[in-house]
$ cat start-v2.cif   # mmCIF, C-alpha atoms and all ligand atoms
data_start
loop_
_atom_site.label_atom_id
_atom_site.label_comp_id
_atom_site.auth_asym_id
_atom_site.auth_seq_id
_atom_site.Cartn_x
_atom_site.Cartn_y
_atom_site.Cartn_z
CA MET A 1 223.03 290.96 2.43
CA PHE A 2 220.65 288.12 1.65
CA ASP A 3 221.84 287.43 -1.90
CA PHE A 4 222.85 283.86 -1.25
CA LEU A 5 219.17 282.89 -1.13
CA LYS A 6 219.21 283.37 -4.94
CA ARG A 7 215.66 284.55 -5.28
CA ASN A 8 215.94 284.70 -9.06
CA THR A 9 215.72 280.90 -9.26
CA LYS A 10 212.23 279.45 -9.17
CA VAL A 11 211.14 277.28 -6.28
CA GLU A 12 208.36 274.72 -6.22
CA PRO A 13 206.10 275.37 -3.18
CA ILE A 14 206.03 271.72 -2.09
CA PHE A 15 205.34 272.58 1.56
CA GLU A 16 201.83 273.70 0.64
CA ALA A 17 201.05 270.09 1.56
CA LEU A 18 201.77 270.99 5.20
CA GLU A 19 200.61 274.64 5.01
CA VAL A 20 201.43 275.35 8.66
CA ASP A 21 204.87 275.50 10.29
CA MET A 22 204.76 274.90 14.02
CA HIS A 23 208.41 275.03 15.03
CA ASN A 24 210.85 277.87 14.30
CA HIS A 25 212.91 280.54 16.02
CA MET A 26 211.81 283.72 14.30
CA ILE A 27 211.48 286.04 17.32
CA PRO A 28 214.72 288.03 16.97
CA GLY A 29 217.32 288.17 19.72
CA VAL A 30 215.81 285.83 22.30
CA ASP A 31 217.61 282.55 21.57
CA ASP A 32 219.99 281.04 19.00
CA GLY A 33 217.52 281.84 16.22
CA SER A 34 217.01 284.96 14.14
CA GLU A 35 219.22 287.93 15.03
CA SER A 36 217.10 290.76 13.63
CA MET A 37 213.67 291.71 12.31
CA GLU A 38 215.21 291.89 8.82
CA MET A 39 216.55 288.35 9.09
CA SER A 40 213.18 287.06 10.32
CA ALA A 41 211.43 288.79 7.41
CA GLU A 42 213.83 287.22 4.93
CA CYS A 43 213.47 283.73 6.42
CA ILE A 44 209.69 284.04 6.53
CA ARG A 45 209.61 285.22 2.91
CA THR A 46 211.50 282.05 2.01
CA MET A 47 209.09 279.93 4.04
CA TRP A 48 206.23 281.47 2.07
CA GLU A 49 208.07 280.84 -1.17
CA VAL A 50 208.48 277.10 -0.42
CA GLY A 51 204.77 276.79 0.36
CA TYR A 52 204.11 277.62 4.02
CA ARG A 53 201.13 279.91 4.53
CA LYS A 54 200.69 279.99 8.32
CA MET A 55 203.07 279.70 11.20
CA TYR A 56 203.43 279.45 14.94
CA ILE A 57 206.69 280.71 16.40
CA THR A 58 208.38 278.71 19.15
CA PRO A 59 211.39 280.36 20.87
CA HIS A 60 213.55 278.32 23.21
CA PHE A 61 212.75 278.26 26.90
CA CYS A 62 215.89 276.69 28.35
CA PHE A 63 217.24 277.87 31.68
CA PRO A 64 219.57 279.60 32.29
CA LYS A 65 220.81 279.89 28.69
CA TYR A 66 217.56 281.23 27.22
CA ALA A 67 215.74 282.43 30.32
CA ASN A 68 212.78 283.76 28.40
CA ASP A 69 209.66 285.11 29.97
CA GLU A 70 206.25 284.36 28.45
CA GLU A 71 204.94 287.94 28.72
CA ASP A 72 208.06 289.42 27.12
CA ILE A 73 207.90 286.87 24.29
CA LYS A 74 204.25 287.74 23.63
CA ARG A 75 205.17 291.43 23.39
CA ARG A 76 208.04 290.71 20.96
CA TYR A 77 205.73 288.52 18.90
CA GLU A 78 203.31 291.44 18.43
CA GLU A 79 206.24 293.70 17.45
CA LEU A 80 207.37 291.17 14.85
CA LYS A 81 203.85 290.90 13.45
CA SER A 82 203.68 294.69 13.02
CA TYR A 83 207.11 294.76 11.38
CA LEU A 84 206.21 291.99 8.92
CA LYS A 85 203.01 293.78 8.04
CA SER A 86 204.92 297.02 7.40
CA GLN A 87 207.28 295.11 5.09
CA GLY A 88 204.45 293.43 3.18
CA VAL A 89 205.56 289.93 4.17
CA GLU A 90 202.84 287.48 3.20
CA MET A 91 202.44 285.01 6.06
CA ASP A 92 199.71 284.41 8.60
CA LEU A 93 201.20 284.38 12.05
CA VAL A 94 198.68 282.26 13.90
CA GLY A 95 200.23 282.07 17.34
CA ILE A 96 203.17 282.15 19.68
CA GLY A 97 204.32 279.01 21.47
CA GLY A 98 207.59 277.89 22.96
CA GLU A 99 210.05 275.04 22.67
CA TYR A 100 210.51 274.02 26.30
CA ARG A 101 213.64 272.12 27.29
CA ILE A 102 212.84 269.45 29.87
CA ASP A 103 215.23 270.60 32.58
CA ASP A 104 215.05 271.27 36.35
CA SER A 105 213.31 274.58 35.88
CA PHE A 106 210.68 273.05 33.60
CA ALA A 107 210.09 270.17 36.02
CA LYS A 108 209.40 272.73 38.78
CA ARG A 109 207.08 274.82 36.63
CA VAL A 110 204.96 271.82 35.69
CA LYS A 111 203.26 272.16 39.09
CA GLU A 112 201.83 275.55 38.09
CA PRO A 113 201.88 275.57 34.30
CA HIS A 114 201.51 278.79 32.31
CA PHE A 115 203.29 277.70 29.18
CA LEU A 116 202.96 279.14 25.68
CA THR A 117 201.37 276.45 23.56
CA VAL A 118 200.57 275.96 19.88
CA GLY A 119 197.24 275.08 18.30
CA SER A 120 194.04 275.03 20.26
CA ASP A 121 195.91 276.03 23.44
CA LYS A 122 196.86 272.58 24.58
CA TYR A 123 199.80 271.47 22.44
CA LEU A 124 203.04 271.93 24.31
CA LEU A 125 206.27 271.58 22.32
CA VAL A 126 209.10 270.12 24.41
CA GLU A 127 212.66 269.13 23.64
CA LEU A 128 215.39 267.11 25.30
CA SER A 129 219.08 267.91 25.46
CA LEU A 130 220.87 266.98 22.23
CA HIS A 131 223.84 265.67 24.19
CA SER A 132 222.86 263.76 27.30
CA GLN A 133 219.90 261.90 28.66
CA ARG A 134 217.90 263.35 31.53
CA MET A 135 216.82 260.55 33.84
CA GLY A 136 213.08 260.36 34.34
CA PHE A 137 212.14 262.79 31.55
CA GLU A 138 209.21 260.50 30.70
CA ASN A 139 207.74 261.10 34.16
CA THR A 140 207.95 264.87 33.70
CA ILE A 141 206.14 264.49 30.38
CA TYR A 142 203.51 262.37 32.10
CA GLU A 143 202.99 265.08 34.74
CA VAL A 144 202.40 267.65 31.99
CA GLN A 145 199.90 265.33 30.33
CA MET A 146 198.09 265.07 33.63
CA GLN A 147 197.62 268.86 33.44
CA ASP A 148 195.47 268.25 30.35
CA GLN A 149 198.12 269.27 27.83
CA GLN A 150 199.04 267.36 24.68
CA VAL A 151 202.80 266.98 24.49
CA ILE A 152 204.71 267.24 21.22
CA LEU A 153 208.29 265.98 21.34
CA ALA A 154 210.51 268.06 19.03
CA HIS A 155 212.90 266.22 16.68
CA PRO A 156 213.16 262.78 18.37
CA GLU A 157 215.48 261.78 15.51
CA ARG A 158 218.15 264.14 16.85
CA TYR A 159 218.59 262.52 20.29
CA LEU A 160 221.24 260.15 19.03
CA TYR A 161 222.04 258.90 22.54
CA ILE A 162 218.71 257.06 22.59
CA ASP A 163 218.85 254.05 20.27
CA VAL A 164 216.28 254.32 17.50
CA ASN A 165 214.97 250.87 18.46
CA SER A 166 214.88 251.66 22.18
CA SER A 167 211.61 250.83 23.92
CA LYS A 168 211.73 254.38 25.31
CA PHE A 169 210.32 255.74 22.05
CA GLU A 170 207.64 253.08 21.94
CA LYS A 171 206.64 253.90 25.51
CA LEU A 172 206.38 257.62 24.68
CA LYS A 173 204.04 256.79 21.80
CA ASP A 174 201.97 254.53 24.09
CA GLN A 175 201.87 257.42 26.54
CA GLY A 176 200.29 259.60 23.80
CA VAL A 177 203.25 261.84 23.03
CA LEU A 178 203.12 263.34 19.53
CA PHE A 179 206.36 263.25 17.54
CA GLN A 180 207.53 266.16 15.40
CA CYS A 181 210.44 265.51 13.03
CA ASN A 182 212.40 268.26 11.33
CA VAL A 183 211.88 268.67 7.60
CA LEU A 184 215.61 269.29 7.27
CA SER A 185 216.43 265.99 8.98
CA LEU A 186 214.77 264.33 5.98
CA SER A 187 217.01 266.19 3.53
CA GLY A 188 220.17 265.22 5.43
CA PHE A 189 220.94 268.68 6.87
CA TYR A 190 221.73 267.16 10.31
CA GLY A 191 223.60 264.14 8.90
CA LYS A 192 222.83 260.65 7.69
CA GLU A 193 221.94 259.18 11.09
CA ALA A 194 219.28 261.78 11.90
CA GLN A 195 217.93 261.31 8.37
CA SER A 196 217.61 257.55 8.69
CA ARG A 197 216.13 257.78 12.19
CA ALA A 198 213.51 260.29 11.01
CA MET A 199 212.59 257.95 8.16
CA LYS A 200 212.26 255.01 10.56
CA PHE A 201 209.91 256.96 12.82
CA ILE A 202 207.83 258.04 9.83
CA GLU A 203 207.65 254.52 8.42
CA ARG A 204 206.46 253.26 11.81
CA GLY A 205 203.61 255.80 11.59
CA TRP A 206 204.83 257.59 14.70
CA VAL A 207 205.27 261.12 13.32
CA GLU A 208 202.23 263.39 13.48
CA LEU A 209 203.98 266.67 12.65
CA LEU A 210 206.83 268.10 10.62
CA GLY A 211 208.51 271.36 11.63
CA THR A 212 211.11 273.51 9.90
CA ASP A 213 213.00 274.50 13.09
CA THR A 214 214.22 277.51 11.07
CA HIS A 215 216.82 279.52 12.97
CA ASN A 216 218.44 281.76 10.36
CA LEU A 217 219.27 282.20 6.68
CA VAL A 218 221.34 279.01 6.48
CA TYR A 219 218.22 277.07 7.43
CA ALA A 220 216.12 279.12 5.01
CA LYS A 221 218.46 278.26 2.17
CA ALA A 222 218.45 274.59 3.18
CA LEU A 223 214.65 274.69 3.16
CA ARG A 224 214.72 276.09 -0.35
CA ASP A 225 217.13 273.33 -1.43
CA ALA A 226 214.91 270.74 0.30
CA THR A 227 212.17 271.43 -2.25
CA GLN A 228 214.35 269.49 -4.73
CA ASN A 229 215.22 266.69 -2.32
CA ARG A 230 213.88 263.27 -3.31
CA THR A 231 213.33 261.99 0.22
CA VAL A 232 211.48 265.12 1.32
CA ARG A 233 209.26 265.03 -1.75
CA LYS A 234 208.49 261.33 -1.31
CA VAL A 235 207.56 261.80 2.36
CA LEU A 236 205.22 264.69 1.56
CA GLU A 237 203.64 262.66 -1.22
CA HIS A 238 203.08 259.44 0.72
CA HIS A 239 202.46 260.45 4.32
CA GLU A 240 199.83 262.52 6.11
CA PHE A 241 200.67 264.98 8.86
CA MET A 242 198.43 267.02 11.14
CA ASN A 243 200.10 270.44 10.76
CA LYS A 244 196.96 272.00 9.28
CA GLU A 245 194.79 270.65 12.07
CA LEU A 246 196.68 272.67 14.65
CA VAL A 247 195.08 275.86 13.42
CA ASP A 248 191.70 276.48 14.99
CA LYS A 249 189.80 278.20 12.20
CA LYS A 250 187.52 280.02 14.67
CA ILE A 251 190.29 281.88 16.42
CA HIS A 252 192.44 282.28 13.34
CA ARG A 253 193.42 285.93 12.81
CA LYS A 254 194.99 287.44 9.71
CA LEU A 255 198.34 289.19 10.09
FE FE B 301 213.86 274.36 17.79
#

$ encode --input "start-v2.cif" --output "structure tokens"
Amino acid sequence: MFDFLKRNTKVEPIFEALEVDMHNHMIPGVDDGSESMEMSAECIRTMWEVGYRKMYITPHFCFPKYANDEEDIKRRYEELKSYLKSQGVEMDLVGIGGEYRIDDSFAKRVKEPHFLTVGSDKYLLVELSLHSQRMGFENTIYEVQMQDQQVILAHPERYLYIDVNSSKFEKLKDQGVLFQCNVLSLSGFYGKEAQSRAMKFIERGWVELLGTDTHNLVYAKALRDATQNRTVRKVLEHHEFMNKELVDKKIHRKL
């Protein structure tokens, strides 16, 4: 079933440089990510193979399409951990977060936040629509920041409707928003434009984190191929990211 990953070929674990993945969709059946425990195990095995050693999982919270509930997600996360352990999958699952779409529902919930966060319980991963701009999204982000949460904006390079040179991005950085680009944007998986935008953000020193955004086996294979990609290798060699710093060693639990 998973033969196309070609495990017989050797892979260089170049992502050891990051060690921690903080953006992926490995809770099965709750969004457009993994469809089964088996698929999650296979993707996570690949992530280990390419060098990741720890991971947070971040399912979509996007209403009404992925109307997930924090308590239910926490329960499913524990089930996945048990399954991976039973299958001997080597990966430290260090926490469950979410990837929150900034939509009407999110804007309402900001008043009484009980979000799933990554890292030392204050890093909130948010995303925008990939297709159209939500007016005033910066204000919603600001409101979240006022609740003492650090905001991480997922894949800014993929919001093609905002010009890469727009002052909007600069303002978000001034506002203290952390940027997380996708590793696979750097290898060209999402097209040339996303690749060049991601590189521009990195060269400006605006990108604190890289995430895999792994959804399924196609992404896992692309991640494997990315270990041979010149741009990805160059970025990992010449730039520092704070993925490792997200993990609080004191509360770190082994799978
Ligand atoms: Fe995602």

$ closest_atom_pairs --input "start-v2.cif" --of "chain A" --to "ligand FE 301 (chain B)" --cutoff "12 Å" --atoms "all atoms listed in the file" --output "CSV"
residue,atom,partner,partner_atom,distance
A:Asp21,CA,B:FE301,FE,11.8
A:Met22,CA,B:FE301,FE,9.9
A:His23,CA,B:FE301,FE,6.1
A:Asn24,CA,B:FE301,FE,5.8
A:His25,CA,B:FE301,FE,6.5
A:Met26,CA,B:FE301,FE,10.2
A:Ile27,CA,B:FE301,FE,11.9
A:Asp31,CA,B:FE301,FE,9.8
A:Asp32,CA,B:FE301,FE,9.1
A:Gly33,CA,B:FE301,FE,8.5
A:Ser34,CA,B:FE301,FE,11.6
A:Tyr56,CA,B:FE301,FE,12.0
A:Ile57,CA,B:FE301,FE,9.7
A:Thr58,CA,B:FE301,FE,7.1
A:Pro59,CA,B:FE301,FE,7.2
A:His60,CA,B:FE301,FE,6.7
A:Phe61,CA,B:FE301,FE,10.0
A:Cys62,CA,B:FE301,FE,11.0
A:Gly97,CA,B:FE301,FE,11.2
A:Gly98,CA,B:FE301,FE,8.9
A:Glu99,CA,B:FE301,FE,6.2
A:Tyr100,CA,B:FE301,FE,9.2
A:Arg101,CA,B:FE301,FE,9.8
A:Leu125,CA,B:FE301,FE,9.3
A:Val126,CA,B:FE301,FE,9.2
A:Glu127,CA,B:FE301,FE,7.9
A:Leu128,CA,B:FE301,FE,10.6
A:Ser129,CA,B:FE301,FE,11.3
A:Leu130,CA,B:FE301,FE,11.1
A:Leu153,CA,B:FE301,FE,10.7
A:Ala154,CA,B:FE301,FE,7.2
A:His155,CA,B:FE301,FE,8.3
A:Pro156,CA,B:FE301,FE,11.6
A:Arg158,CA,B:FE301,FE,11.1
A:Gln180,CA,B:FE301,FE,10.6
A:Cys181,CA,B:FE301,FE,10.6
A:Asn182,CA,B:FE301,FE,9.0
A:Val183,CA,B:FE301,FE,11.8
A:Leu184,CA,B:FE301,FE,11.8
A:Leu210,CA,B:FE301,FE,11.8
A:Gly211,CA,B:FE301,FE,8.7
A:Thr212,CA,B:FE301,FE,8.4
A:Asp213,CA,B:FE301,FE,4.8
A:Thr214,CA,B:FE301,FE,7.4
A:His215,CA,B:FE301,FE,7.7
A:Asn216,CA,B:FE301,FE,11.4
A:Tyr219,CA,B:FE301,FE,11.6

$ residues_around --input "start-v2.cif" --residues "range 227-241 of chain A" --least-positions-apart "4" --cutoff "6 Å" --atoms "all atoms listed in the file" --output "list in words"
Leu186, Glu208 and Leu209 of chain A

$ write_last_selection --input "start-v2.cif" --atoms "C-alpha atoms" --output "PDB file, keeping the file's coordinate frame"
ATOM      1  CA  LEU A 186     214.770 264.330   5.980  1.00  0.00           C
ATOM      2  CA  GLU A 208     202.230 263.390  13.480  1.00  0.00           C
ATOM      3  CA  LEU A 209     203.980 266.670  12.650  1.00  0.00           C
TER       4      LEU A 209
END

$ atom_distance --input "start-v2.cif" --atom1 "CA of Ile102 in chain A" --atom2 "CA of Gly29 in chain A"
21.8 Å

$ atom_distance --input "start-v2.cif" --atom1 "CA of Gly191 in chain A" --atom2 "CA of His131 in chain A"
15.4 Å

$ closest_residue --input "start-v2.cif" --among "A:Gly176, A:Pro13, A:Pro28, A:Gly119" --to "Tyr52 in chain A" --atoms "all atoms listed in the file"
A:Pro13

$ residues_around --input "start-v2.cif" --residues "Tyr77 in chain A" --least-positions-apart "4" --cutoff "7 Å" --atoms "all atoms listed in the file" --output "ChimeraX atom specification"
/A:27,73,81,96

$ write_last_selection --input "start-v2.cif" --atoms "C-alpha atoms" --output "short mmCIF file (atom, residue, chain, number, x, y, z; two decimals), in the frame of the given file"
data_model
loop_
_atom_site.label_atom_id
_atom_site.label_comp_id
_atom_site.auth_asym_id
_atom_site.auth_seq_id
_atom_site.Cartn_x
_atom_site.Cartn_y
_atom_site.Cartn_z
CA ILE A 27 211.48 286.04 17.32
CA ILE A 73 207.90 286.87 24.29
CA LYS A 81 203.85 290.90 13.45
CA ILE A 96 203.17 282.15 19.68
#

$ residues_around --input "start-v2.cif" --residues "Glu78 in chain A" --least-positions-apart "4" --cutoff "10 Å" --atoms "all atoms listed in the file" --output "ChimeraX atom specification"
/A:27,73-74,82-84,93,95-96,255

$ write_last_selection --input "start-v2.cif" --atoms "C-alpha atoms" --output "PDB file, in the frame of the given file"
ATOM      1  CA  ILE A  27     211.480 286.040  17.320  1.00  0.00           C
ATOM      2  CA  ILE A  73     207.900 286.870  24.290  1.00  0.00           C
ATOM      3  CA  LYS A  74     204.250 287.740  23.630  1.00  0.00           C
ATOM      4  CA  SER A  82     203.680 294.690  13.020  1.00  0.00           C
ATOM      5  CA  TYR A  83     207.110 294.760  11.380  1.00  0.00           C
ATOM      6  CA  LEU A  84     206.210 291.990   8.920  1.00  0.00           C
ATOM      7  CA  LEU A  93     201.200 284.380  12.050  1.00  0.00           C
ATOM      8  CA  GLY A  95     200.230 282.070  17.340  1.00  0.00           C
ATOM      9  CA  ILE A  96     203.170 282.150  19.680  1.00  0.00           C
ATOM     10  CA  LEU A 255     198.340 289.190  10.090  1.00  0.00           C
TER      11      LEU A 255
END

$ atom_distance --input "start-v2.cif" --atom1 "CA of His114 in chain A" --atom2 "CA of Asp72 in chain A"
13.5 Å

$ residues_around --input "start-v2.cif" --residues "range 161-163 of chain A" --least-positions-apart "4" --cutoff "8 Å" --atoms "only C-alpha atoms" --output "list in words"
His131, Ser132, Gln133 and Lys168 of chain A

$ residues_around --input "start-v2.cif" --residues "Asp225 in chain A" --least-positions-apart "4" --cutoff "9 Å" --atoms "all atoms listed in the file" --output "PyMOL selection string"
chain A and resi 11+187+220-221+229

$ write_last_selection --input "start-v2.cif" --atoms "C-alpha atoms" --output "PDB file, in the coordinates of the input"
ATOM      1  CA  VAL A  11     211.140 277.280  -6.280  1.00  0.00           C
ATOM      2  CA  SER A 187     217.010 266.190   3.530  1.00  0.00           C
ATOM      3  CA  ALA A 220     216.120 279.120   5.010  1.00  0.00           C
ATOM      4  CA  LYS A 221     218.460 278.260   2.170  1.00  0.00           C
ATOM      5  CA  ASN A 229     215.220 266.690  -2.320  1.00  0.00           C
TER       6      ASN A 229
END

$ residues_near_point --input "start-v2.cif" --point "(213.0, 252.5, 18.7)" --cutoff "12 Å" --atoms "all atoms listed in the file" --output "PyMOL selection string"
chain A and resi 156-157+159-173+197-204+206

$ closest_residue --input "start-v2.cif" --among "A:Ser185, A:Ser40, A:Gln150, A:Thr140" --to "Phe106 in chain A" --atoms "all atoms listed in the file"
A:Thr140

$ closest_residue --input "start-v2.cif" --among "A:Thr9, A:Asn139, A:Thr46, A:Ser36" --to "Leu80 in chain A" --atoms "all atoms listed in the file"
A:Ser36

$ axis_aligned_box --input "start-v2.cif" --around "range 126-139 of chain A" --padding-each-side "6 Å" --output "lines of an AutoDock Vina configuration file"
center_x = 215.8
center_y = 265.2
center_z = 28.3
size_x = 28.1
size_y = 21.8
size_z = 24.1
